[in-house]
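Visitor: Following this message is one structure expressed as C-alpha cells.
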Amino acid sequence: MNLTGLTRAQLQAVLADSGAVAPSMARMRAGQAWGWMHKHGVTDFAPMTNIAKEARAALAERFVLNRPEVVERQESSDGVVKWLIRFAPGIEAETVFIPDVGRSGALCVSSQVGCTLNCTFCHTGTQALVRNLTAGEIVAQVQVARDDLGEWMTDPGARRLTNIVFMGMGEPLYNLDGVADALDIISDNEGIAISRRRITVSTSGVVPRIRALGERTSAMLAISLHATNDELRDELVPLNRKYPIAELLAAIRDYPGLSNARRVTFEYVMLKGVNDSPAEARALVRLLAGIPAKINLIPFNPWPGSPYECSSGRTIETFADIVNRAGYASPIRRPRGRDILAACGQLKSESEKVRASARRAQVDVP
Ligand code: SAH
Ligand code: SF4
C-alpha cells in the first residue's frame, strides 16, 4: 500500500492497524510521516529521522511511498508541460502544468481515465471510461509535478504551482469521493497547502452532485455551459438531456459559499457558427442574471478528427465585449500547449476500457 495518497484519518488508521508502530503512537507517527510525505515530498522512509530506525524499517517492510511512472514528458514552446502518467498497467492519464495562471501557475489534473460523457467538441469524450482515479492517484499528479518543478520545501511566495484545476480528463463529479479526499490532502496546511480557494472543480453539469461538492470540498466551482438553450446544449453536452439548463442554474445558485468574492466560472467553448453569435452572448447574459459569475471564453482547440472549427478572434472579442458590458468579467482563455495536444479538451490516453461489468462496479453514477 502506498501511504502518500491517504487522508490524515486514513493514514492514522492504517498505521494503527499495521503493527509497525504502537497503536498509542499512531497519531504522532502519522503526523510525522505526513510532514515528510507532503511537505518534504520524500519517496522512501529513510529520511524520516524523527522516527526511530526500527520503526522506519518496519514501515518500509509494509508500505511504499513511491510515485507512479511518468511514461512521457512533453514541454510546449509556451512553457506548458504535459506528463503522461501510468498508474497501473493500462491505466494512464495526462496532467498539464500551465505557467502564469492564477497567482503563479496552474496544474490541470485528471479525475478519470477517459470519460463516460461524450461532449461532441472534446477529445477525452472519444475515449471510453476506463475507470475513476483514486484519491492517491489524483494527489500523485500534484506530487509528480512538484518533483519535476523542484517545489518541495519552497517558500510559498516562490512557488510556480499555486493553483489546481480539475479540468483534465474525466468528469470530477462522477468521482466525488476520490476528488474530495484528494482535495483534503492537497489543501492540508501541514503539507502541500494549496488553499481551497485556489482549487477549481469543473463539471459538465452533474446537477445532483453540485451541492455536495461545495459541502464536502469548498472548492471553487466551474461549469461547462457552452450553450444558452437546451436544444443546442443537448447536442454539445449530451448530459444536458438528463439535467437541463434550468435545473443546472438552480443548483449553481444553491452552491455553498457562492458570493462576489467566490464566483462561479462559466466555461464557454467558442465554436464557429455554432454558439458564437452576438444574440447568444446576450442570451448568456440574461441566463446568468443574478449569479455571481465570470465567463471564461475558451477558443475551441482542435484535435485529430474533431468536427468543429474555432470562432474567429473578432467573433470571440465581440462576444466577450457584450458579456463584459453586462458587468461580467469575460477573459478569453489563451490557448496553451496546443502544439503538444495539452490544451483544454485535447487530452486523451491510449488506455482502453475493461469489461462493462467491472466498469460498473468501479464508477459511481447518480
Ligand atoms: N469534465 C469536466 C472537466 C474537464 S474539461 C467538464 O467538462 O467540465 C475542461 C474544460 O475544457 C471544459 O469546460 C470542457 O468543456 C472544455 N473543452 C473540452 N474540449 C474542448 C476543446 N476541444 N476546446 C476547448 N475547450 C474544450
Ligand atoms: Fe467528459 Fe468534460 Fe470532455 Fe465532456 S468536456 S467529454 S464531461 S471531459
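The way I read the labels, and the way they are meant: chains A, B, ... in the order of the C-alpha cells, residue 1 as the first residue of every chain, and ligand 1 as the first ligand shown, with later ones counted on from there.
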Neighbouring residues of ligand 1 are defined here as those with any atom at most 6 Å from a ligand atom, counting only C-alpha atoms and all ligand atoms; list them as a list in words.

Guide: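 Protein and nucleic-acid residues within 6 Å of ligand 1: Phe121, Cys122, Met167, Gly168, Met169, Gly170, Glu171, Ser202, Thr203, Ser204, Ile223, Ser224, Glu267, Val269, Ile298, Pro299, Phe300, Asn301, Pro302, Cys344, Gly345 and Gln346 of chain A.
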
Visitor: Please give the complete set of residues from stretch 56-177 of chain A that DSSP, run on the backbone, assigns to strand (DSSP E or B), formatted as an MDAnalysis selection string.

Guide: chainID A and resid 64 69:75 81:88 91:99 105:108 112:113 131:132 163:166

Visitor: Just write the chosen residues, N, CA and C atoms, as a short mmCIF file (atom, residue, chain, number, x, y, z; two decimals), in the first residue's frame.

Guide:
```cif
data_model
loop_
_atom_site.label_atom_id
_atom_site.label_comp_id
_atom_site.auth_asym_id
_atom_site.auth_seq_id
_atom_site.Cartn_x
_atom_site.Cartn_y
_atom_site.Cartn_z
N VAL A 64 4.83 1.52 0.85
CA VAL A 64 5.68 2.25 -0.11
C VAL A 64 5.21 3.71 -0.17
N GLU A 69 4.70 5.86 -12.52
CA GLU A 69 5.70 6.05 -13.58
C GLU A 69 5.27 7.16 -14.55
N VAL A 70 6.20 8.05 -14.87
CA VAL A 70 5.92 9.05 -15.91
C VAL A 70 6.34 8.42 -17.23
N VAL A 71 5.37 8.14 -18.09
CA VAL A 71 5.65 7.45 -19.35
C VAL A 71 6.21 8.43 -20.37
N GLU A 72 5.72 9.66 -20.32
CA GLU A 72 6.16 10.65 -21.30
C GLU A 72 6.06 12.03 -20.69
N ARG A 73 7.05 12.87 -20.99
CA ARG A 73 7.01 14.26 -20.54
C ARG A 73 7.22 15.13 -21.76
N GLN A 74 6.30 16.04 -22.02
CA GLN A 74 6.46 16.93 -23.17
C GLN A 74 6.39 18.36 -22.69
N GLU A 75 7.20 19.21 -23.31
CA GLU A 75 7.17 20.62 -22.95
C GLU A 75 6.85 21.42 -24.21
N VAL A 81 3.85 22.16 -19.62
CA VAL A 81 4.44 20.82 -19.50
C VAL A 81 3.30 19.81 -19.37
N LYS A 82 3.40 18.71 -20.10
CA LYS A 82 2.38 17.66 -20.01
C LYS A 82 3.06 16.35 -19.65
N TRP A 83 2.51 15.69 -18.65
CA TRP A 83 3.01 14.37 -18.26
C TRP A 83 1.95 13.33 -18.58
N LEU A 84 2.38 12.23 -19.17
CA LEU A 84 1.51 11.06 -19.28
C LEU A 84 1.94 10.11 -18.17
N ILE A 85 1.02 9.85 -17.26
CA ILE A 85 1.36 9.08 -16.06
C ILE A 85 0.68 7.71 -16.11
N ARG A 86 1.48 6.66 -15.82
CA ARG A 86 0.93 5.30 -15.76
C ARG A 86 0.74 4.93 -14.30
N PHE A 87 -0.52 4.78 -13.92
CA PHE A 87 -0.82 4.49 -12.53
C PHE A 87 -0.76 2.99 -12.26
N ALA A 88 -1.09 2.22 -13.28
CA ALA A 88 -1.07 0.76 -13.20
C ALA A 88 -1.04 0.31 -14.65
N ILE A 91 -3.48 1.79 -17.23
CA ILE A 91 -4.23 2.90 -16.62
C ILE A 91 -3.37 4.15 -16.71
N GLU A 92 -3.63 4.95 -17.74
CA GLU A 92 -2.79 6.12 -17.97
C GLU A 92 -3.65 7.37 -18.13
N ALA A 93 -3.15 8.48 -17.59
CA ALA A 93 -3.87 9.75 -17.76
C ALA A 93 -2.86 10.88 -17.86
N GLU A 94 -3.35 12.03 -18.34
CA GLU A 94 -2.46 13.16 -18.56
C GLU A 94 -2.71 14.27 -17.54
N THR A 95 -1.63 14.97 -17.24
CA THR A 95 -1.64 16.10 -16.31
C THR A 95 -0.87 17.22 -16.98
N VAL A 96 -1.35 18.45 -16.81
CA VAL A 96 -0.73 19.57 -17.55
C VAL A 96 -0.41 20.72 -16.60
N PHE A 97 0.80 21.23 -16.67
CA PHE A 97 1.16 22.43 -15.90
C PHE A 97 1.16 23.64 -16.84
N ILE A 98 0.45 24.67 -16.42
CA ILE A 98 0.35 25.88 -17.25
C ILE A 98 0.92 27.06 -16.46
N PRO A 99 2.10 27.53 -16.84
CA PRO A 99 2.69 28.66 -16.10
C PRO A 99 1.86 29.93 -16.30
N GLY A 105 0.97 29.70 -11.30
CA GLY A 105 0.82 28.69 -12.35
C GLY A 105 -0.20 27.67 -11.90
N ALA A 106 -0.88 27.05 -12.86
CA ALA A 106 -1.95 26.11 -12.51
C ALA A 106 -1.61 24.72 -13.01
N LEU A 107 -2.00 23.74 -12.21
CA LEU A 107 -1.87 22.35 -12.63
C LEU A 107 -3.27 21.84 -12.97
N CYS A 108 -3.39 21.29 -14.17
CA CYS A 108 -4.67 20.76 -14.61
C CYS A 108 -4.63 19.25 -14.41
N GLN A 112 -10.49 11.06 -14.00
CA GLN A 112 -10.84 9.74 -14.52
C GLN A 112 -9.91 9.42 -15.69
N VAL A 113 -9.80 8.15 -16.02
CA VAL A 113 -9.13 7.76 -17.26
C VAL A 113 -10.25 7.60 -18.28
N ARG A 131 -11.57 3.94 -15.91
CA ARG A 131 -12.01 3.89 -14.51
C ARG A 131 -11.76 5.22 -13.83
N ASN A 132 -12.35 5.38 -12.64
CA ASN A 132 -12.05 6.53 -11.80
C ASN A 132 -10.63 6.44 -11.30
N ASN A 163 -2.05 26.97 -8.14
CA ASN A 163 -3.48 26.70 -8.33
C ASN A 163 -3.68 25.31 -8.92
N ILE A 164 -4.82 24.72 -8.61
CA ILE A 164 -5.16 23.41 -9.19
C ILE A 164 -6.51 23.54 -9.88
N VAL A 165 -6.61 23.02 -11.06
CA VAL A 165 -7.91 22.96 -11.73
C VAL A 165 -8.21 21.51 -12.11
N PHE A 166 -9.40 21.06 -11.74
CA PHE A 166 -9.85 19.71 -12.15
C PHE A 166 -10.48 19.87 -13.52
#
```

Visitor: Determine which residues of stretch 262-299 of chain A DSSP labels as helix (DSSP H, G or I) from the backbone of this structure, then write them out as a list in words.

Guide: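 Filtering stretch 262-299 of chain A down to helix (DSSP H, G or I) leaves Pro278, Ala279, Glu280, Ala281, Arg282, Ala283, Leu284, Val285, Arg286 and Leu287 of chain A.
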
Visitor: From the list A:Glu215, A:Glu235, A:Asp147, A:Glu309, which residue is nearest ligand 2 when using only C-alpha atoms and all ligand atoms?

Guide: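 Closest candidate: A:Glu235.
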
Visitor: Please provide the set of residues having any atom within 12 Å of A:Gly178, restricted to only C-alpha atoms, with same-chain residues fewer than 4 positions apart removed, written as an MDAnalysis selection string.

Guide: chainID A and resid 5:7 110:112 131:139 166 171:174 182:185 213 216:217 362:364

Visitor: Just give me the gap between atom CA of A:Trp303 and atom CA of A:Leu239 in Å, one decimal is fine.

Guide: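 Computing it gives 21.6 Å between the two atoms.
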
Visitor: Can you list, as a list in words, every protein, DNA or RNA residue that comes within 12 Å of A:Ala250 when you count only C-alpha atoms, leaving out same-chain residues fewer than 3 positions away?

Guide: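 Once the nearby chain positions are removed, what remains is Gly205, Val207, Pro208, Ile210, Arg211, Tyr243, Pro244, Ile245, Ala246, Glu247, Arg253, Asp254, Tyr255, Leu287, Leu288, Gly290 and Ile291 of chain A.
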
Visitor: Quick one: of A:Val237, A:Ala279, A:Leu221, A:Leu149, who's nearest to ligand 2, counting only C-alpha atoms and all ligand atoms?

Guide: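 Of all the options, A:Val237 lies closest to ligand 2.
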
Visitor: Nearest to ligand 2 among A:Asp155, A:Asp44, A:Glu61, A:Asp234, with distances taken over only C-alpha atoms and all ligand atoms: which residue is it?

Guide: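 The shortest atom-to-atom distance to ligand 2 comes from A:Asp234.
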
Visitor: Would you mind listing what lies within 9 Å of A:Ala293 as a PyMOL selection string, with only C-alpha atoms counted and same-chain residues fewer than 5 positions away left out?

Guide: chain A and resi 259-260+262-266+288+328-329

Visitor: Taking all heavy atoms for each residue, export the selection above as a CSV table (one decimal), in the first residue's frame.

Guide:
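File written: again-v7.csv
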```csv
chain,number,residue,atom,x,y,z
A,259,SER,N,-20.6,33.8,-3.7
A,259,SER,CA,-20.7,35.3,-3.4
A,259,SER,C,-19.8,36.0,-4.4
A,259,SER,O,-19.1,35.4,-5.2
A,259,SER,CB,-20.1,35.5,-2.0
A,259,SER,OG,-18.7,35.3,-2.0
A,260,ASN,N,-19.8,37.3,-4.3
A,260,ASN,CA,-19.0,38.1,-5.2
A,260,ASN,C,-17.5,37.8,-5.1
A,260,ASN,O,-16.7,37.9,-6.0
A,260,ASN,CB,-19.3,39.6,-5.1
A,260,ASN,CG,-20.4,40.0,-6.0
A,260,ASN,OD1,-20.6,39.4,-7.0
A,260,ASN,ND2,-21.2,41.0,-5.5
A,262,ARG,N,-16.5,34.8,-4.2
A,262,ARG,CA,-16.3,33.4,-4.7
A,262,ARG,C,-17.3,33.1,-5.8
A,262,ARG,O,-18.3,32.5,-5.6
A,262,ARG,CB,-16.5,32.5,-3.5
A,262,ARG,CG,-15.5,32.6,-2.4
A,262,ARG,CD,-15.8,31.7,-1.2
A,262,ARG,NE,-16.0,30.3,-1.6
A,262,ARG,CZ,-14.9,29.4,-1.6
A,262,ARG,NH1,-13.8,29.8,-1.1
A,262,ARG,NH2,-15.1,28.2,-1.9
A,263,ARG,N,-16.9,33.6,-6.9
A,263,ARG,CA,-17.8,33.5,-8.1
A,263,ARG,C,-17.7,32.1,-8.8
A,263,ARG,O,-16.6,31.5,-8.7
A,263,ARG,CB,-17.4,34.5,-9.1
A,263,ARG,CG,-17.7,35.9,-8.7
A,263,ARG,CD,-17.0,36.8,-9.7
A,263,ARG,NE,-16.8,38.1,-8.9
A,263,ARG,CZ,-17.1,39.3,-9.4
A,263,ARG,NH1,-17.5,39.4,-10.6
A,263,ARG,NH2,-17.0,40.3,-8.7
A,264,VAL,N,-18.7,31.8,-9.4
A,264,VAL,CA,-18.7,30.6,-10.3
A,264,VAL,C,-18.1,31.0,-11.6
A,264,VAL,O,-18.4,32.1,-12.1
A,264,VAL,CB,-20.1,29.9,-10.3
A,264,VAL,CG1,-21.1,30.8,-10.7
A,264,VAL,CG2,-20.1,28.7,-11.3
A,265,THR,N,-17.3,30.1,-12.2
A,265,THR,CA,-16.8,30.4,-13.5
A,265,THR,C,-17.6,29.6,-14.5
A,265,THR,O,-17.9,28.4,-14.3
A,265,THR,CB,-15.3,29.8,-13.6
A,265,THR,OG1,-14.5,30.5,-12.7
A,265,THR,CG2,-14.8,30.1,-15.0
A,266,PHE,N,-18.1,30.3,-15.5
A,266,PHE,CA,-18.8,29.5,-16.6
A,266,PHE,C,-17.8,29.4,-17.8
A,266,PHE,O,-17.3,30.4,-18.2
A,266,PHE,CB,-20.1,30.3,-17.1
A,266,PHE,CG,-21.2,30.1,-16.1
A,266,PHE,CD1,-21.4,31.1,-15.1
A,266,PHE,CD2,-22.1,29.1,-16.2
A,266,PHE,CE1,-22.4,30.9,-14.1
A,266,PHE,CE2,-23.1,28.9,-15.2
A,266,PHE,CZ,-23.3,29.9,-14.2
A,288,LEU,N,-27.7,34.3,-16.9
A,288,LEU,CA,-26.9,34.3,-15.7
A,288,LEU,C,-27.2,35.4,-14.7
A,288,LEU,O,-26.6,35.6,-13.7
A,288,LEU,CB,-25.4,34.4,-16.0
A,288,LEU,CG,-24.9,33.3,-17.0
A,288,LEU,CD1,-23.3,33.4,-17.1
A,288,LEU,CD2,-25.3,31.9,-16.5
A,328,TYR,N,-19.9,41.3,-16.5
A,328,TYR,CA,-19.2,40.1,-16.1
A,328,TYR,C,-17.8,40.1,-16.6
A,328,TYR,O,-17.6,40.5,-17.8
A,328,TYR,CB,-19.9,38.9,-16.8
A,328,TYR,CG,-21.3,38.6,-16.2
A,328,TYR,CD1,-22.5,39.0,-16.8
A,328,TYR,CD2,-21.4,37.9,-15.0
A,328,TYR,CE1,-23.7,38.8,-16.3
A,328,TYR,CE2,-22.7,37.7,-14.5
A,328,TYR,CZ,-23.8,38.1,-15.1
A,328,TYR,OH,-25.1,37.8,-14.6
A,329,ALA,N,-16.9,39.7,-15.8
A,329,ALA,CA,-15.5,39.5,-16.3
A,329,ALA,C,-15.6,38.4,-17.4
A,329,ALA,O,-16.3,37.4,-17.2
A,329,ALA,CB,-14.6,39.1,-15.2
```

Visitor: Using Å and a single decimal, report how far atom CA of A:Ala283 sits from atom CA of A:Arg314.

Guide: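 The value is 19.0 Å.
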